[in-house]
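One file, coords04.pdb, carrying PDB, C-alpha atoms:
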```
MODEL        1
ATOM      1  CA  MET A  14      33.981  16.205  -8.567
ATOM      2  CA  LYS A  15      37.721  16.950  -8.428
ATOM      3  CA  LYS A  16      38.093  15.654 -11.972
ATOM      4  CA  LEU A  17      35.275  17.913 -13.203
ATOM      5  CA  PHE A  18      36.763  20.955 -11.447
ATOM      6  CA  PHE A  19      40.218  20.202 -12.920
ATOM      7  CA  THR A  20      38.756  19.774 -16.428
ATOM      8  CA  LEU A  21      36.829  23.044 -16.206
ATOM      9  CA  THR A  22      39.934  24.858 -14.917
ATOM     10  CA  VAL A  23      42.023  23.570 -17.839
ATOM     11  CA  ILE A  24      39.330  24.618 -20.346
ATOM     12  CA  VAL A  25      39.031  28.125 -18.882
ATOM     13  CA  LEU A  26      42.809  28.628 -18.740
ATOM     14  CA  SER A  27      43.316  27.394 -22.299
ATOM     15  CA  THR A  28      40.600  29.785 -23.493
ATOM     16  CA  PHE A  29      42.350  32.767 -21.871
ATOM     17  CA  ILE A  30      45.737  31.716 -23.221
ATOM     18  CA  SER A  31      44.505  31.152 -26.783
ATOM     19  CA  TYR A  32      42.734  34.541 -26.980
ATOM     20  CA  SER A  33      45.351  36.684 -25.246
ATOM     21  CA  GLN A  34      47.373  39.325 -27.081
ATOM     22  CA  ASP A  35      51.162  39.268 -26.680
ATOM     23  CA  LEU A  36      52.173  42.886 -25.993
ATOM     24  CA  SER A  37      55.861  42.077 -25.581
ATOM     25  CA  ASN A  38      56.534  41.773 -29.322
ATOM     26  CA  PRO A  39      54.977  44.439 -31.592
ATOM     27  CA  GLN A  40      54.644  43.672 -35.309
ATOM     28  CA  GLY A  41      55.942  47.112 -36.247
ATOM     29  CA  GLY A  42      56.392  50.703 -35.278
ATOM     30  CA  GLY A  43      58.521  53.775 -35.699
ATOM     31  CA  TYR A  44      59.146  57.356 -34.712
ATOM     32  CA  ILE A  45      56.900  60.096 -36.026
ATOM     33  CA  LYS A  46      57.288  63.820 -35.579
ATOM     34  CA  ILE A  47      54.722  66.169 -34.085
ATOM     35  CA  GLU A  48      54.050  68.695 -36.853
ATOM     36  CA  SER A  49      51.652  70.903 -34.885
ATOM     37  CA  ILE A  50      49.532  71.187 -31.755
ATOM     38  CA  THR A  51      46.414  73.353 -31.814
ATOM     39  CA  PRO A  52      44.628  74.031 -28.508
ATOM     40  CA  GLY A  53      40.846  74.296 -28.319
ATOM     41  CA  ASP A  54      38.160  74.605 -25.669
ATOM     42  CA  GLY A  55      38.411  71.278 -23.803
ATOM     43  CA  TYR A  56      40.554  69.617 -26.488
ATOM     44  CA  SER A  57      43.864  69.783 -28.362
ATOM     45  CA  LYS A  58      44.457  68.728 -31.957
ATOM     46  CA  MET A  59      47.814  67.156 -32.863
ATOM     47  CA  ASN A  60      49.230  66.482 -36.347
ATOM     48  CA  PHE A  61      52.008  63.952 -37.003
ATOM     49  CA  LYS A  62      54.251  62.821 -39.869
ATOM     50  CA  GLY A  63      56.864  60.037 -40.137
ATOM     51  CA  ASP A  64      57.612  56.405 -41.026
ATOM     52  CA  VAL A  65      56.001  53.280 -39.551
ATOM     53  CA  THR A  66      57.469  49.837 -40.316
ATOM     54  CA  GLY A  67      55.054  47.836 -42.468
ATOM     55  CA  TYR A  68      53.022  50.915 -43.387
ATOM     56  CA  GLY A  69      55.557  53.201 -45.068
ATOM     57  CA  ARG A  70      55.391  56.963 -44.868
ATOM     58  CA  VAL A  71      52.642  58.296 -42.640
ATOM     59  CA  LEU A  72      51.644  61.223 -44.801
ATOM     60  CA  PHE A  73      49.323  62.634 -42.224
ATOM     61  CA  ALA A  74      47.845  61.698 -38.882
ATOM     62  CA  SER A  75      45.538  64.148 -37.185
ATOM     63  CA  ILE A  76      44.287  63.342 -33.685
ATOM     64  CA  LYS A  77      41.899  65.292 -31.470
ATOM     65  CA  LEU A  78      42.400  64.758 -27.725
ATOM     66  CA  SER A  79      39.336  65.543 -25.605
ATOM     67  CA  SER A  80      39.799  65.909 -21.848
ATOM     68  CA  GLY A  81      37.941  63.493 -19.609
ATOM     69  CA  ASP A  82      38.785  65.227 -16.351
ATOM     70  CA  SER A  83      39.510  68.740 -15.080
ATOM     71  CA  SER A  84      43.227  67.997 -14.581
ATOM     72  CA  LYS A  85      43.555  67.129 -18.288
ATOM     73  CA  THR A  86      45.414  63.896 -17.553
ATOM     74  CA  SER A  87      43.169  61.522 -19.523
ATOM     75  CA  GLY A  88      40.368  61.385 -22.040
ATOM     76  CA  THR A  89      39.317  60.156 -25.455
ATOM     77  CA  LEU A  90      40.922  60.575 -28.847
ATOM     78  CA  SER A  91      39.613  60.564 -32.409
ATOM     79  CA  GLY A  92      41.243  61.227 -35.734
ATOM     80  CA  GLN A  93      42.356  60.016 -39.134
ATOM     81  CA  ALA A  94      45.608  58.655 -40.578
ATOM     82  CA  ARG A  95      46.869  58.349 -44.144
ATOM     83  CA  THR A  96      49.919  56.390 -45.263
ATOM     84  CA  ILE A  97      51.447  55.480 -48.589
ATOM     85  CA  LEU A  98      53.242  52.203 -49.281
ATOM     86  CA  GLY A  99      56.367  51.847 -51.437
ATOM     87  CA  ASP A 100      54.238  50.705 -54.397
ATOM     88  CA  GLY A 101      52.091  53.860 -54.219
ATOM     89  CA  THR A 102      49.081  52.276 -52.480
ATOM     90  CA  LEU A 103      47.315  54.802 -50.258
ATOM     91  CA  LEU A 104      45.879  53.454 -46.996
ATOM     92  CA  SER A 105      43.637  55.231 -44.496
ATOM     93  CA  SER A 106      42.245  54.530 -41.050
ATOM     94  CA  PRO A 107      39.980  56.171 -38.518
ATOM     95  CA  LEU A 108      41.577  56.454 -35.063
ATOM     96  CA  ASN A 109      39.391  56.191 -31.935
ATOM     97  CA  GLY A 110      40.546  55.400 -28.427
ATOM     98  CA  SER A 111      41.829  56.745 -25.125
ATOM     99  CA  TRP A 112      44.820  58.693 -23.861
ATOM    100  CA  LYS A 113      46.607  59.172 -20.543
ATOM    101  CA  ARG A 114      49.121  61.931 -19.708
ATOM    102  CA  SER A 115      51.903  61.748 -17.138
ATOM    103  CA  GLY A 116      54.009  64.915 -17.072
ATOM    104  CA  VAL A 117      55.227  65.648 -20.607
ATOM    105  CA  THR A 118      54.398  62.161 -21.929
ATOM    106  CA  ILE A 119      51.031  61.131 -23.346
ATOM    107  CA  LYS A 120      50.119  57.522 -24.135
ATOM    108  CA  PHE A 121      47.566  56.908 -26.897
ATOM    109  CA  TYR A 122      45.695  53.581 -27.043
ATOM    110  CA  PHE A 123      43.446  52.658 -29.961
ATOM    111  CA  ILE A 124      42.457  50.008 -32.474
ATOM    112  CA  ASP A 125      42.797  51.082 -36.075
ATOM    113  CA  ASP A 126      40.676  49.868 -38.991
ATOM    114  CA  VAL A 127      42.952  50.134 -42.034
ATOM    115  CA  SER A 128      41.368  50.422 -45.480
ATOM    116  CA  ASN A 129      43.183  47.223 -46.607
ATOM    117  CA  GLY A 130      41.250  45.181 -44.008
ATOM    118  CA  ALA A 131      43.990  45.078 -41.342
ATOM    119  CA  MET A 132      43.146  45.814 -37.706
ATOM    120  CA  ASN A 133      45.819  46.637 -35.140
ATOM    121  CA  PHE A 134      45.998  47.459 -31.456
ATOM    122  CA  VAL A 135      48.172  50.585 -31.421
ATOM    123  CA  ILE A 136      50.116  52.351 -28.649
ATOM    124  CA  TRP A 137      51.786  55.728 -29.119
ATOM    125  CA  ASP A 138      54.211  57.193 -26.578
ATOM    126  CA  VAL A 139      54.133  60.921 -27.283
ATOM    127  CA  ASP A 140      56.910  63.153 -25.922
ATOM    128  CA  ILE A 141      55.406  66.656 -26.004
ATOM    129  CA  LEU A 142      58.649  68.564 -25.346
ATOM    130  CA  GLY A 143      60.695  66.311 -27.663
ATOM    131  CA  GLU A 144      58.006  66.766 -30.356
ATOM    132  CA  VAL A 145      58.135  63.077 -31.263
ATOM    133  CA  ALA A 146      56.010  59.957 -30.815
ATOM    134  CA  PHE A 147      57.128  56.332 -30.715
ATOM    135  CA  VAL A 148      54.498  54.129 -32.364
ATOM    136  CA  LYS A 149      54.097  50.388 -31.920
ATOM    137  CA  TYR A 150      51.314  48.169 -33.209
ATOM    138  CA  TYR A 151      50.108  44.622 -32.641
ATOM    139  CA  GLU A 152      48.234  42.914 -35.448
ATOM    140  CA  LEU A 153      44.752  41.680 -34.569
ATOM    141  CA  HIS A 154      43.686  40.857 -38.157
ATOM    142  CA  SER A 155      45.883  40.831 -41.261
ATOM    143  CA  SER A 156      45.000  42.690 -44.445
ATOM    144  CA  ASN A 157      42.713  41.200 -47.107
TER     145      ASN A 157
ENDMDL
END
```

Take the structure I supplied and represent it as structure tokens, if you would.
Amino acid sequence: MKKLFFTLTVIVLSTFISYSQDLSNPQGGGYIKIESITPGDGYSKMNFKGDVTGYGRVLFASIKLSSGDSSKTSGTLSGQARTILGDGTLLSSPLNGSWKRSGVTIKFYFIDDVSNGAMNFVIWDVDILGEVAFVKYYELHSSN
């Protein structure tokens, strides 16, 4: 019985370890500038522009933040991003996820679905007053 329990424990632990995502070492990132913020009824729309390592110039990222509570400290996000690589290839991705605000900082969490087949877990740290966001991404699936 002890041997069976030990074997099952090793199998379960190895499964968790082999499918975990290492969030200590992002595959890329960068700083992007907030171009505009447009308030709406129960939402705000933010537009960004900048460079992201591995994805070139982010021509345009537009994200709508919808409030999930009356204090406007969390909710859902949706949007679109466009980027152009050094060779002229245009990539796009829908953006859908969640956000959490603490003071003047908002954290975005989402998984993108890039038009080249890549999928990434993405975290943005947005500094509202500094009008900048630090982007980091972790590759889940590489491009085709």

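In this comparison, which uses only C-alpha atoms, the residue of A:Arg70, A:Lys113, A:Lys58, A:Lys120 approaching Ser91 in chain A most closely is A:Lys58.
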
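A straight line drawn from CA of Asn109 in chain A to CA of Ile136 in chain A is 11.9 Å long.
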
- Which is closest to Asp140 in chain A among A:Lys62, A:Arg114, A:Lys77, A:Arg95, if we use only C-alpha atoms? A:Arg114

- Message: Quick check on the file I pasted: which residues fall under the PyMOL selection byres ((chain A and resi 54) around 12)? Write them as a ChimeraX atom specification.
- Response: /A:51-53,55-58,77-80,85

For this structure, which residues satisfy the selection - the PyMOL selection byres ((chain A and resi 129) around 7) - when it is evaluated on the file as given? I want them as a CSV table (one decimal) with C-alpha atoms, keeping the file's coordinate frame.
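What ended up in selection-v8.csv:
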```
chain,number,residue,atom,x,y,z
A,104,LEU,CA,45.9,53.5,-47.0
A,127,VAL,CA,43.0,50.1,-42.0
A,128,SER,CA,41.4,50.4,-45.5
A,130,GLY,CA,41.2,45.2,-44.0
A,131,ALA,CA,44.0,45.1,-41.3
A,156,SER,CA,45.0,42.7,-44.4
A,157,ASN,CA,42.7,41.2,-47.1
```

- Expressed in Å to a single decimal, how great is the separation between CA of Leu142 in chain A and CA of Ile119 in chain A? 10.8 Å

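Among the candidates A:Gly101, A:Gly88, A:Gly42, A:Gly116, the residue lying nearest to Asn133 in chain A is A:Gly42 (atoms considered: all atoms listed in the file).
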
- Task: For Gly92 in chain A, work out the shell of residues within 6 Å, counting only C-alpha atoms and skipping chain neighbours fewer than 2 positions away, then give it as a ChimeraX atom specification.
- Result: /A:75-77,107-108

Residues from the last selection, C-alpha atoms, saved as a short mmCIF file (atom, residue, chain, number, x, y, z; two decimals), in the frame of the given file:
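The resulting file, again_0.cif, is reproduced below:
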```cif
data_model
loop_
_atom_site.label_atom_id
_atom_site.label_comp_id
_atom_site.auth_asym_id
_atom_site.auth_seq_id
_atom_site.Cartn_x
_atom_site.Cartn_y
_atom_site.Cartn_z
CA SER A 75 45.54 64.15 -37.18
CA ILE A 76 44.29 63.34 -33.68
CA LYS A 77 41.90 65.29 -31.47
CA PRO A 107 39.98 56.17 -38.52
CA LEU A 108 41.58 56.45 -35.06
#
```

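Coordinates place CA of Ala74 in chain A at a distance of 18.1 Å from CA of Gly99 in chain A.
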
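Of the residues listed (A:Gly143, A:Trp112, A:Leu98, A:Leu103), A:Leu98 shows the shortest atom-to-atom separation from Gly67 in chain A; distances use all atoms listed in the file.
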
- Could you state which residues are captured by the PyMOL selection byres ((chain A and resi 64) around 9) in this file, as a PyMOL selection string? chain A and resi 42-45+62-63+65-66+68-72+96

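Comparing the minimum interatomic distances between Val139 in chain A and each of A:Thr102, A:Ser37, A:Asn60, A:Ser83, counting only C-alpha atoms, we find that A:Asn60 sits nearest.
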
Set the distance at 12 Å and use all atoms listed in the file: which residues neighbour Asn38 in chain A once local chain neighbours fewer than 5 positions away are removed? I'd like the list as a CSV table (one decimal) with C-alpha atoms, keeping the file's coordinate frame.
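To be explicit, this is the file written out as out_32.csv:
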```csv
chain,number,residue,atom,x,y,z
A,149,LYS,CA,54.1,50.4,-31.9
A,150,TYR,CA,51.3,48.2,-33.2
A,151,TYR,CA,50.1,44.6,-32.6
A,152,GLU,CA,48.2,42.9,-35.4
```

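Closest approach to Phe121 in chain A among A:Val148, A:Ser106, A:Ile50, A:Phe61 is made by A:Val148 (distances from all atoms listed in the file).
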